[in-house]
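As stored in entry_25.cif (mmCIF, C-alpha atoms (C1' of nucleotides)):
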```cif
data_my_file
#
loop_
_atom_site.label_atom_id
_atom_site.label_comp_id
_atom_site.auth_asym_id
_atom_site.auth_seq_id
_atom_site.Cartn_x
_atom_site.Cartn_y
_atom_site.Cartn_z
CA MET A 231 -33.72 63.25 -11.65
CA SER A 232 -33.92 66.44 -13.60
CA SER A 233 -30.81 68.47 -13.05
CA LYS A 234 -31.49 72.06 -13.66
CA GLN A 235 -29.34 74.81 -12.35
CA GLY A 236 -31.87 77.57 -12.77
CA LYS A 237 -31.95 78.79 -9.17
CA ARG A 238 -28.26 79.28 -8.77
CA ASP A 239 -28.17 82.76 -7.37
CA ALA A 240 -30.14 82.48 -4.19
CA PRO A 241 -31.75 85.60 -2.81
CA VAL A 242 -30.18 87.17 0.23
CA LYS A 243 -32.37 85.37 2.69
CA ASP A 244 -32.62 81.83 1.57
CA SER A 245 -36.02 81.02 2.96
CA GLY A 246 -36.20 77.99 0.71
CA LEU A 247 -33.10 76.56 2.28
CA TYR A 248 -34.48 77.14 5.73
CA LYS A 249 -37.67 75.37 4.92
CA ASP A 250 -35.89 72.50 3.23
CA ALA A 251 -33.53 72.12 6.16
CA ARG A 252 -36.43 72.08 8.54
CA ASP A 253 -38.30 69.47 6.56
CA LEU A 254 -35.22 67.39 6.23
CA ASN A 255 -34.50 67.66 9.89
CA ARG A 256 -37.95 66.53 10.77
CA ALA A 257 -37.86 63.67 8.29
CA VAL A 258 -34.52 62.44 9.53
CA SER A 259 -35.60 62.68 13.16
CA GLU A 260 -38.61 60.58 12.45
CA LEU A 261 -36.61 58.11 10.49
CA VAL A 262 -34.21 57.75 13.37
CA ARG A 263 -37.07 57.14 15.79
CA VAL A 264 -38.88 54.58 13.72
CA TYR A 265 -35.71 52.76 12.82
CA GLN A 266 -34.47 52.59 16.34
CA PHE A 267 -37.76 51.05 17.20
CA ARG A 268 -37.61 48.56 14.39
CA ASP A 269 -34.10 47.62 15.36
CA ARG A 270 -35.00 47.13 18.98
CA LYS A 271 -37.81 44.82 18.00
CA SER A 272 -35.97 42.87 15.33
CA ILE A 273 -32.61 42.58 16.98
CA PHE A 274 -33.56 42.00 20.57
CA TYR A 275 -35.28 38.96 19.31
CA TYR A 276 -31.83 37.53 18.97
CA ASP A 277 -29.21 37.51 21.63
CA VAL A 278 -27.84 41.04 21.23
CA SER A 279 -28.84 44.64 21.63
CA VAL A 280 -28.93 47.17 18.84
CA THR A 281 -25.58 48.71 19.63
CA GLN A 282 -24.02 45.32 19.99
CA CYS A 283 -25.31 44.41 16.57
CA TYR A 284 -23.93 47.59 15.05
CA ALA A 285 -20.57 46.80 16.60
CA LEU A 286 -20.65 43.31 15.16
CA SER A 287 -21.58 44.73 11.80
CA SER A 288 -18.82 47.26 11.90
CA ILE A 289 -16.14 44.72 12.70
CA ILE A 290 -17.41 42.43 9.99
CA THR A 291 -17.53 45.20 7.43
CA HIS A 292 -14.15 46.71 8.17
CA GLY A 293 -12.31 43.63 9.36
CA PRO A 294 -10.42 43.19 12.64
CA MET A 295 -9.83 46.49 14.34
CA THR A 296 -8.80 48.10 17.58
CA LEU A 297 -11.23 49.30 20.18
CA ASN A 298 -10.61 52.96 19.51
CA ARG A 299 -11.28 52.45 15.86
CA LEU A 300 -14.55 50.75 16.66
CA ALA A 301 -15.55 53.51 19.03
CA SER A 302 -14.90 56.06 16.35
CA GLU A 303 -16.77 54.01 13.78
CA LEU A 304 -19.83 53.93 16.04
CA TYR A 305 -19.46 57.49 17.30
CA LEU A 306 -19.11 56.24 20.83
CA ASP A 307 -16.82 56.94 23.71
CA LYS A 308 -14.14 54.29 24.05
CA SER A 309 -15.47 53.34 27.47
CA THR A 310 -18.86 52.57 26.00
CA ALA A 311 -17.25 50.67 23.17
CA SER A 312 -15.23 48.71 25.69
CA ARG A 313 -18.37 47.61 27.50
CA VAL A 314 -20.21 46.78 24.33
CA VAL A 315 -17.32 44.63 23.22
CA GLY A 316 -17.28 43.10 26.68
CA SER A 317 -20.85 41.91 26.21
CA LEU A 318 -20.09 40.50 22.80
CA VAL A 319 -17.06 38.66 24.11
CA ARG A 320 -19.03 37.26 27.02
CA LYS A 321 -21.61 35.95 24.59
CA GLY A 322 -18.95 34.49 22.34
CA TYR A 323 -19.48 36.61 19.26
CA VAL A 324 -16.22 38.50 19.37
CA ARG A 325 -12.66 37.54 20.23
CA ARG A 326 -10.40 40.03 21.94
CA SER A 327 -6.70 39.39 21.42
CA ALA A 328 -3.59 41.49 21.67
CA ASP A 329 -2.52 43.40 18.64
CA PRO A 330 0.72 41.89 17.35
CA GLY A 331 2.27 45.26 16.68
CA ASP A 332 1.22 47.11 19.80
CA ALA A 333 0.72 45.42 23.13
CA ARG A 334 -1.56 48.18 24.34
CA ALA A 335 -4.01 47.73 21.53
CA LEU A 336 -6.63 45.07 21.02
CA ARG A 337 -7.38 43.12 17.95
CA LEU A 338 -11.14 42.67 17.82
CA GLU A 339 -12.31 39.83 15.65
CA VAL A 340 -15.73 38.37 15.07
CA THR A 341 -15.99 34.66 15.78
CA GLY A 342 -17.75 32.19 13.54
CA LYS A 343 -20.68 32.28 15.90
CA GLY A 344 -20.72 36.06 15.60
CA THR A 345 -20.66 35.97 11.84
CA GLY A 346 -23.51 33.49 11.84
CA LEU A 347 -25.64 35.58 14.14
CA HIS A 348 -24.96 38.69 12.18
CA SER A 349 -25.97 37.19 8.87
CA LYS A 350 -29.20 35.98 10.35
CA ILE A 351 -30.01 39.42 11.71
CA ALA A 352 -28.91 41.16 8.54
CA ARG A 353 -31.08 38.85 6.52
CA ASP A 354 -34.07 39.81 8.63
CA LEU A 355 -33.42 43.50 8.41
CA VAL A 356 -32.87 43.44 4.68
CA GLU A 357 -36.00 41.37 4.25
CA GLU A 358 -37.91 43.96 6.21
CA MET A 359 -36.48 46.68 4.02
CA LYS A 360 -37.38 44.73 0.92
CA ASN A 361 -41.00 44.64 1.98
CA LEU A 362 -40.84 48.30 2.64
CA VAL A 363 -39.60 49.36 -0.76
CA ALA A 364 -40.75 46.50 -2.93
CA ASP A 365 -43.20 48.60 -4.85
CA TYR A 366 -40.97 51.62 -5.22
CA ASP A 367 -39.80 51.84 -8.76
CA VAL A 368 -36.17 51.08 -9.25
CA ASP A 369 -35.14 54.68 -9.77
CA THR A 370 -36.77 55.75 -6.55
CA ARG A 371 -35.13 52.96 -4.62
CA ARG A 372 -31.71 53.80 -5.91
CA ALA A 373 -32.22 57.52 -5.53
CA THR A 374 -33.28 57.10 -1.92
CA ALA A 375 -30.23 55.04 -1.07
CA ARG A 376 -27.94 57.41 -2.88
CA LEU A 377 -29.30 60.53 -1.26
CA ILE A 378 -29.27 59.07 2.20
CA SER A 379 -25.70 57.86 1.76
CA ARG A 380 -24.70 61.27 0.60
CA LEU A 381 -26.28 62.84 3.63
CA VAL A 382 -24.51 60.37 5.88
CA GLN A 383 -21.23 61.16 4.22
CA ARG A 384 -21.68 64.85 4.81
CA ALA A 385 -22.95 64.43 8.30
CA SER A 386 -20.11 62.22 9.39
CA GLU A 387 -17.59 64.63 7.94
CA ARG A 388 -19.24 67.49 9.68
CA PHE A 389 -20.01 66.23 13.11
CA GLY A 390 -18.78 62.73 13.38
CA GLY A 391 -15.81 60.89 12.06
CA ASN A 392 -13.36 62.05 14.57
CA ILE A 393 -14.11 61.37 18.20
CA SER A 394 -10.76 60.32 19.50
CA GLY A 395 -7.81 61.20 17.40
CA GLU A 396 -8.42 59.52 14.13
CA ASP A 397 -8.86 61.93 11.31
CA GLU A 398 -9.42 60.86 7.77
CA GLY A 399 -9.70 64.13 6.00
CA THR A 400 -10.34 63.27 2.43
CA MET B 250 -22.72 41.24 5.31
CA SER B 251 -22.66 38.16 3.10
CA SER B 252 -19.71 38.37 0.81
CA LYS B 253 -21.31 36.62 -2.09
CA GLN B 254 -24.88 36.62 -3.10
CA GLY B 255 -27.00 36.55 -6.17
CA LYS B 256 -26.62 32.88 -6.70
CA ARG B 257 -28.85 30.17 -7.99
CA ASP B 258 -31.64 30.24 -5.45
CA ALA B 259 -32.37 33.94 -5.69
CA PRO B 260 -35.33 34.70 -7.93
CA VAL B 261 -34.21 36.75 -10.86
CA LYS B 262 -36.66 39.58 -10.48
CA ASP B 263 -35.61 39.86 -6.86
CA SER B 264 -31.90 40.32 -7.13
CA GLY B 265 -31.98 44.03 -7.85
CA LEU B 266 -34.43 44.56 -5.06
CA TYR B 267 -32.27 42.60 -2.67
CA LYS B 268 -29.25 44.70 -3.43
CA ASP B 269 -31.22 47.94 -3.19
CA ALA B 270 -32.74 46.89 0.10
CA ARG B 271 -29.33 46.01 1.44
CA ASP B 272 -27.85 49.32 0.39
CA LEU B 273 -30.77 51.18 1.79
CA ASN B 274 -30.58 49.29 5.01
CA ARG B 275 -26.96 50.11 5.41
CA ALA B 276 -27.46 53.75 4.53
CA VAL B 277 -30.31 54.13 6.99
CA SER B 278 -28.38 52.38 9.74
CA GLU B 279 -25.51 54.75 9.29
CA LEU B 280 -27.79 57.73 9.18
CA VAL B 281 -29.36 56.65 12.41
CA ARG B 282 -25.97 56.29 14.06
CA VAL B 283 -24.56 59.59 12.94
CA TYR B 284 -27.74 61.45 13.77
CA GLN B 285 -28.03 59.98 17.19
CA PHE B 286 -24.54 61.17 17.76
CA ARG B 287 -25.26 64.64 16.48
CA ASP B 288 -28.36 64.83 18.62
CA ARG B 289 -26.50 63.75 21.73
CA LYS B 290 -23.93 66.44 21.17
CA SER B 291 -26.29 69.24 20.19
CA ILE B 292 -29.10 68.59 22.60
CA PHE B 293 -27.21 67.61 25.73
CA TYR B 294 -25.77 71.04 25.56
CA TYR B 295 -29.15 72.17 26.77
CA ASP B 296 -30.99 70.84 29.73
CA VAL B 297 -32.57 67.78 28.18
CA SER B 298 -31.67 64.44 26.69
CA VAL B 299 -32.42 63.39 23.15
CA THR B 300 -35.52 61.41 24.01
CA GLN B 301 -36.77 64.20 26.22
CA CYS B 302 -36.37 66.59 23.33
CA TYR B 303 -38.27 64.31 20.99
CA ALA B 304 -41.04 64.09 23.52
CA LEU B 305 -41.19 67.85 23.78
CA SER B 306 -41.22 68.11 20.04
CA SER B 307 -43.99 65.60 19.70
CA ILE B 308 -46.25 67.34 22.19
CA ILE B 309 -45.61 70.67 20.52
CA THR B 310 -46.30 69.31 17.07
CA HIS B 311 -49.44 67.39 17.91
CA GLY B 312 -50.77 69.48 20.75
CA PRO B 313 -51.72 68.31 24.25
CA MET B 314 -52.00 64.57 24.42
CA THR B 315 -52.23 61.64 26.78
CA LEU B 316 -49.27 59.61 27.87
CA ASN B 317 -50.22 56.57 25.85
CA ARG B 318 -50.50 58.67 22.77
CA LEU B 319 -47.06 60.10 23.37
CA ALA B 320 -45.61 56.66 23.93
CA SER B 321 -47.08 55.51 20.67
CA GLU B 322 -45.83 58.60 18.89
CA LEU B 323 -42.29 57.90 20.10
CA TYR B 324 -42.51 54.14 19.71
CA LEU B 325 -41.85 53.68 23.38
CA ASP B 326 -43.34 51.62 26.14
CA LYS B 327 -45.68 53.65 28.29
CA SER B 328 -43.45 53.10 31.30
CA THR B 329 -40.54 54.69 29.51
CA ALA B 330 -42.74 57.51 28.31
CA SER B 331 -43.96 58.02 31.84
CA ARG B 332 -40.42 58.47 33.11
CA VAL B 333 -39.41 60.72 30.26
CA VAL B 334 -42.39 62.93 30.99
CA GLY B 335 -41.44 62.79 34.64
CA SER B 336 -38.08 64.33 33.87
CA LEU B 337 -39.63 67.01 31.74
CA VAL B 338 -42.14 67.87 34.43
CA ARG B 339 -39.42 68.00 37.07
CA LYS B 340 -37.50 70.43 34.90
CA GLY B 341 -40.57 72.52 34.26
CA TYR B 342 -40.96 72.00 30.54
CA VAL B 343 -44.17 70.01 30.63
CA ARG B 344 -47.33 70.23 32.69
CA ARG B 345 -49.18 67.09 33.65
CA SER B 346 -52.87 67.62 34.40
CA ALA B 347 -55.90 65.40 34.50
CA ASP B 348 -57.78 64.91 31.29
CA PRO B 349 -61.17 66.61 31.62
CA GLY B 350 -62.99 63.71 29.97
CA ASP B 351 -61.24 60.80 31.64
CA ALA B 352 -59.85 60.94 35.14
CA ARG B 353 -57.42 58.12 34.45
CA ALA B 354 -55.80 59.89 31.58
CA LEU B 355 -53.28 62.69 31.62
CA ARG B 356 -53.25 65.83 29.62
CA LEU B 357 -49.66 66.58 28.76
CA GLU B 358 -48.95 70.15 27.83
CA VAL B 359 -45.74 71.95 27.10
CA THR B 360 -45.14 75.00 29.27
CA GLY B 361 -43.92 78.32 27.98
CA LYS B 362 -40.47 77.43 29.23
CA GLY B 363 -40.69 74.17 27.31
CA THR B 364 -41.71 75.88 24.13
CA GLY B 365 -38.84 78.31 24.48
CA LEU B 366 -36.30 75.60 25.01
CA HIS B 367 -37.62 73.62 22.12
CA SER B 368 -37.42 76.47 19.68
CA LYS B 369 -33.85 77.14 20.68
CA ILE B 370 -32.87 73.54 20.14
CA ALA B 371 -34.83 73.26 16.92
CA ARG B 372 -33.13 76.38 15.65
CA ASP B 373 -29.74 74.82 16.31
CA LEU B 374 -30.60 71.55 14.65
CA VAL B 375 -32.08 73.20 11.60
CA GLU B 376 -29.06 75.45 11.38
CA GLU B 377 -26.84 72.40 11.44
CA MET B 378 -28.91 70.84 8.72
CA LYS B 379 -28.73 74.00 6.67
CA ASN B 380 -24.97 73.87 6.74
CA LEU B 381 -25.11 70.28 5.74
CA VAL B 382 -27.23 70.71 2.65
CA ALA B 383 -26.54 74.33 1.74
CA ASP B 384 -24.73 73.44 -1.44
CA TYR B 385 -27.11 70.73 -2.54
CA ASP B 386 -29.13 72.02 -5.41
CA VAL B 387 -32.72 72.67 -4.62
CA ASP B 388 -34.00 69.60 -6.39
CA THR B 389 -31.70 67.34 -4.46
CA ARG B 390 -32.67 68.89 -1.16
CA ARG B 391 -36.34 68.48 -1.83
CA ALA B 392 -35.95 65.02 -3.26
CA THR B 393 -34.02 63.88 -0.21
CA ALA B 394 -36.63 65.17 2.18
CA ARG B 395 -39.42 63.71 0.14
CA LEU B 396 -37.89 60.28 -0.17
CA ILE B 397 -36.98 60.06 3.48
CA SER B 398 -40.48 61.13 4.51
CA ARG B 399 -41.93 58.54 2.26
CA LEU B 400 -39.74 55.89 3.79
CA VAL B 401 -40.75 57.00 7.27
CA GLN B 402 -44.38 56.85 6.31
CA ARG B 403 -44.04 53.33 5.09
CA ALA B 404 -41.91 52.23 7.97
CA SER B 405 -44.25 53.56 10.59
CA GLU B 406 -47.20 51.92 8.90
CA ARG B 407 -45.37 48.66 8.73
CA PHE B 408 -43.71 48.33 12.07
CA GLY B 409 -44.64 51.16 14.27
CA GLY B 410 -47.56 53.45 13.72
CA ASN B 411 -50.03 52.00 16.08
CA ILE B 412 -48.64 50.56 19.24
CA SER B 413 -51.93 51.28 20.95
CA GLY B 414 -54.58 52.07 18.41
CA GLU B 415 -54.65 54.39 15.45
CA ASP B 416 -55.00 57.99 16.32
CA GLU B 417 -58.59 59.09 16.49
CA GLY B 418 -57.90 62.75 16.53
CA THR B 419 -57.87 64.81 19.68
"C1'" DT C 47 18.61 53.60 32.12
"C1'" DG C 48 15.16 56.11 33.75
"C1'" DT C 49 11.98 59.72 33.30
"C1'" DT C 50 8.37 61.80 30.88
"C1'" DG C 51 4.60 62.44 27.78
"C1'" DG C 52 1.33 60.25 24.99
"C1'" DT C 53 -1.82 56.40 23.63
"C1'" DA C 54 -4.95 51.99 24.32
"C1'" DG C 55 -8.13 50.16 27.02
"C1'" DT C 56 -10.61 49.29 31.59
"C1'" DT C 57 -13.28 50.55 35.52
"C1'" DG C 58 -16.01 53.62 38.76
"C1'" DG C 59 -19.61 56.74 38.99
"C1'" DT C 60 -23.83 58.88 37.43
"C1'" DA C 61 -27.79 59.59 34.61
"C1'" DG C 62 -30.84 58.21 31.24
"C1'" DT C 63 -33.21 54.60 28.09
"C1'" DA C 64 -36.03 50.79 27.64
"C1'" DG C 65 -38.97 46.80 28.28
"C1'" DC C 66 -41.71 43.63 31.24
"C1'" DA C 67 -44.46 42.74 35.09
"C1'" DA C 68 -47.07 44.01 38.94
"C1'" DC C 69 -49.64 47.46 40.79
"C1'" DT C 70 -53.46 51.43 41.66
"C1'" DA C 71 -57.22 53.96 40.07
"C1'" DA C 72 -60.86 55.08 37.06
"C1'" DT C 73 -64.07 53.56 33.41
"C1'" DA C 74 -67.23 50.70 30.78
"C1'" DG C 75 -70.06 46.66 30.20
"C1'" DT C 76 -73.41 43.60 31.99
"C1'" DA D 1446 -72.53 46.25 42.01
"C1'" DC D 1447 -69.06 43.27 39.84
"C1'" DT D 1448 -65.96 42.47 36.46
"C1'" DA D 1449 -62.99 43.42 32.67
"C1'" DT D 1450 -60.49 46.90 30.57
"C1'" DT D 1451 -57.69 50.91 30.18
"C1'" DA D 1452 -54.33 54.82 31.85
"C1'" DG D 1453 -50.56 55.54 34.18
"C1'" DT D 1454 -46.88 54.54 37.86
"C1'" DT D 1455 -43.29 51.95 40.01
"C1'" DG D 1456 -39.92 47.93 40.80
"C1'" DC D 1457 -36.68 45.42 38.47
"C1'" DT D 1458 -33.06 44.42 35.22
"C1'" DA D 1459 -29.98 45.37 31.61
"C1'" DC D 1460 -27.93 48.38 28.48
"C1'" DT D 1461 -26.23 53.02 26.73
"C1'" DA D 1462 -23.32 56.69 27.30
"C1'" DC D 1463 -20.62 60.18 29.13
"C1'" DC D 1464 -16.51 61.84 32.06
"C1'" DA D 1465 -12.72 61.01 34.90
"C1'" DA D 1466 -9.34 58.26 36.98
"C1'" DC D 1467 -6.63 54.47 36.46
"C1'" DT D 1468 -3.20 50.69 34.49
"C1'" DA D 1469 -0.25 49.25 30.93
"C1'" DC D 1470 2.46 50.08 27.19
"C1'" DC D 1471 5.08 52.82 23.73
"C1'" DA D 1472 8.33 56.33 22.24
"C1'" DA D 1473 11.61 59.90 22.85
"C1'" DC D 1474 15.33 61.88 24.89
"C1'" DA D 1475 18.63 63.24 28.42
#
```
Structure encoded using structure tokens:
Amino acid sequence: MSSKQGKRDAPVKDSGLYKDARDLNRAVSELVRVYQFRDRKSIFYYDVSVTQCYALSSIITHGPMTLNRLASELYLDKSTASRVVGSLVRKGYVRRSADPGDARALRLEVTGKGTGLHSKIARDLVEEMKNLVADYDVDTRRATARLISRLVQRASERFGGNISGEDEGT
Amino acid sequence: MSSKQGKRDAPVKDSGLYKDARDLNRAVSELVRVYQFRDRKSIFYYDVSVTQCYALSSIITHGPMTLNRLASELYLDKSTASRVVGSLVRKGYVRRSADPGDARALRLEVTGKGTGLHSKIARDLVEEMKNLVADYDVDTRRATARLISRLVQRASERFGGNISGEDEGT
DNA sequence: TGTTGGTAGTTGGTAGTAGCAACTAATAGT
DNA sequence: ACTATTAGTTGCTACTACCAACTACCAACA
């Protein structure tokens, strides 16, 4: 990427910013739509719903955690998280035990079965993504991932991150 | 995901692609989550749900359309689309009339009220996005939008685009 | 010790999302 | 006219997601 700083002093009305924000908003909206759809198709194929899969993924990525932590991780209300976990427990993908340090809290752990299912799904999704970007050149691939991650970072700081209590101000 | 990879059975030319695809997949997943959350918060504030807003947006962007077309545009089953439109009609944001050319088909049109609501919501969302990317430099902003659009384009061609036929114009 | 305030998680209630299948009505093909 | 197809609706089921009310536990302190 060329990194020029030429346009530093923006005019009073930043019409460029507005337009960029609008384009970005539209692009992200569409991405959300099409990816939700893809996820529904790919994941429902297996034994779990999209949200359930995200929950599984989150617990695997971050290790055993409490329910509130999971809810915050998924930007969900704890009641919703509770039900999602309920489904996963019923299906045998997650184990719900008492936290050793705090009898109120849960320790959510993915079972072996859960890990297995998740790797199968993840393999599928990554495979799909591979097909999608196979003929991007390497720089474009990396740049896309980097920019999206950056946007996620910002977005979660701005209007996510902290649903119930937890605050990790960097 | 899998803790160790890049072992003997992975083709050499593939290993970078695999990693990129995995990163991209994760980034997109997170973007989807955080944006769904943002949308729920921002849009529910008004009188419509997220999907209802997308439907409104789609009809505004593409002009009056049939229900099947809308369903395809939103990657939804026609039954779901039918109910979403039902809500919008009930609330007075969309008008459902018979298609002049085909008495089976509907002509879905956004009412003035609908247009008004949509511009208010869109203004909010774009404003939010502006805050998010205001201190990106211009190149980064544009590059992000461009890369995401490109990804959407690909994705919708690959696993979305035409649920019921390619669009043949009006 | 017992009360009180706060936190973790569950459950009830309501509304919306979403797909499949079965249905009606109109259209097109023969 | 008869049939197959297409557009859209409705019944059904399950899940998502919120708020609010609830139980259970923890911590502090009087």
Define the interface residues of chain B facing chain C as those within 8 Å, counting all atoms listed in the file, and report them as number ranges by chain.
B: 298, 325-326, 329, 351-353
Least-squares fitting of chain B onto chain A across all Cα atoms, taken in order, gives an RMSD of 5.8 Å
Point to revise | Contacts of Pro294 of chain A within 6 Å, all atoms listed in the file, excl. fewer than 4 positions in-chain, as an MDAnalysis selection string | key: chainID A and resid 289 338:339
Query raised in the report: What does the PyMOL selection byres ((chain A) within 12 of (chain D)) select in this file, as a list of chain:residue names?
Result: A:Arg270, A:Phe274, A:Val278, A:Ser279, A:Val280, A:Thr281, A:Gln282, A:Ala301, A:Tyr305, A:Leu306, A:Asp307, A:Lys308, A:Ser309, A:Thr310, A:Ala311, A:Ser312, A:Arg313, A:Val314, A:Ser317, A:Ala328, A:Asp329, A:Gly331, A:Asp332, A:Ala333, A:Arg334, A:Ala335
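Going from atom CA of Ser398 of chain B to atom CA of Tyr303 of chain B covers 16.9 Å.
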With all atoms listed in the file as the counted atoms, please give the residues lying no more than 9 Å from Val401 of chain B, apart from itself and same-chain residues fewer than 6 positions off, as a PyMOL selection string. chain A and resi 257-258+260-262+264-265
Would you save the residues from that selection as a compact mmCIF listing (two decimals), in the frame of the given file, using C-alpha atoms?
```txt
# COMPACT_ATOMS: atom_id res chain seq x y z
CA ALA A 257 -37.86 63.67 8.29
CA VAL A 258 -34.52 62.44 9.53
CA GLU A 260 -38.61 60.58 12.45
CA LEU A 261 -36.61 58.11 10.49
CA VAL A 262 -34.21 57.75 13.37
CA VAL A 264 -38.88 54.58 13.72
CA TYR A 265 -35.71 52.76 12.82
```
One decimal place gives the atom CA of Leu381 of chain A-atom CA of Ser307 of chain B separation as 24.1 Å
| said: When the PyMOL selection byres ((chain B) within 7 of (chain A)) is applied to the structure above, which residues does it catch, written out as a PyMOL selection string? | reply: chain B and resi 250-251+266-267+269-274+276-277+279-283+286-287+323-324+375+378-379+381+383+390-391+393-394+396-398+401+403-405+408-409
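Take atom CA of Lys321 of chain A and atom CA of Asp277 of chain A: the distance between them is 8.3 Å.
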Using all atoms listed in the file, determine which residues lie at most 8 Å from Gly322 of chain A, disregarding the query and same-chain residues fewer than 5 positions distant; provide the list as a PyMOL selection string. chain A and resi 341+343-344
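The nearest approach to Val359 of chain B among the residues B:Ile292, B:Leu337, B:Val343, B:Leu316, with only C-alpha atoms taken into account, belongs to B:Val343.
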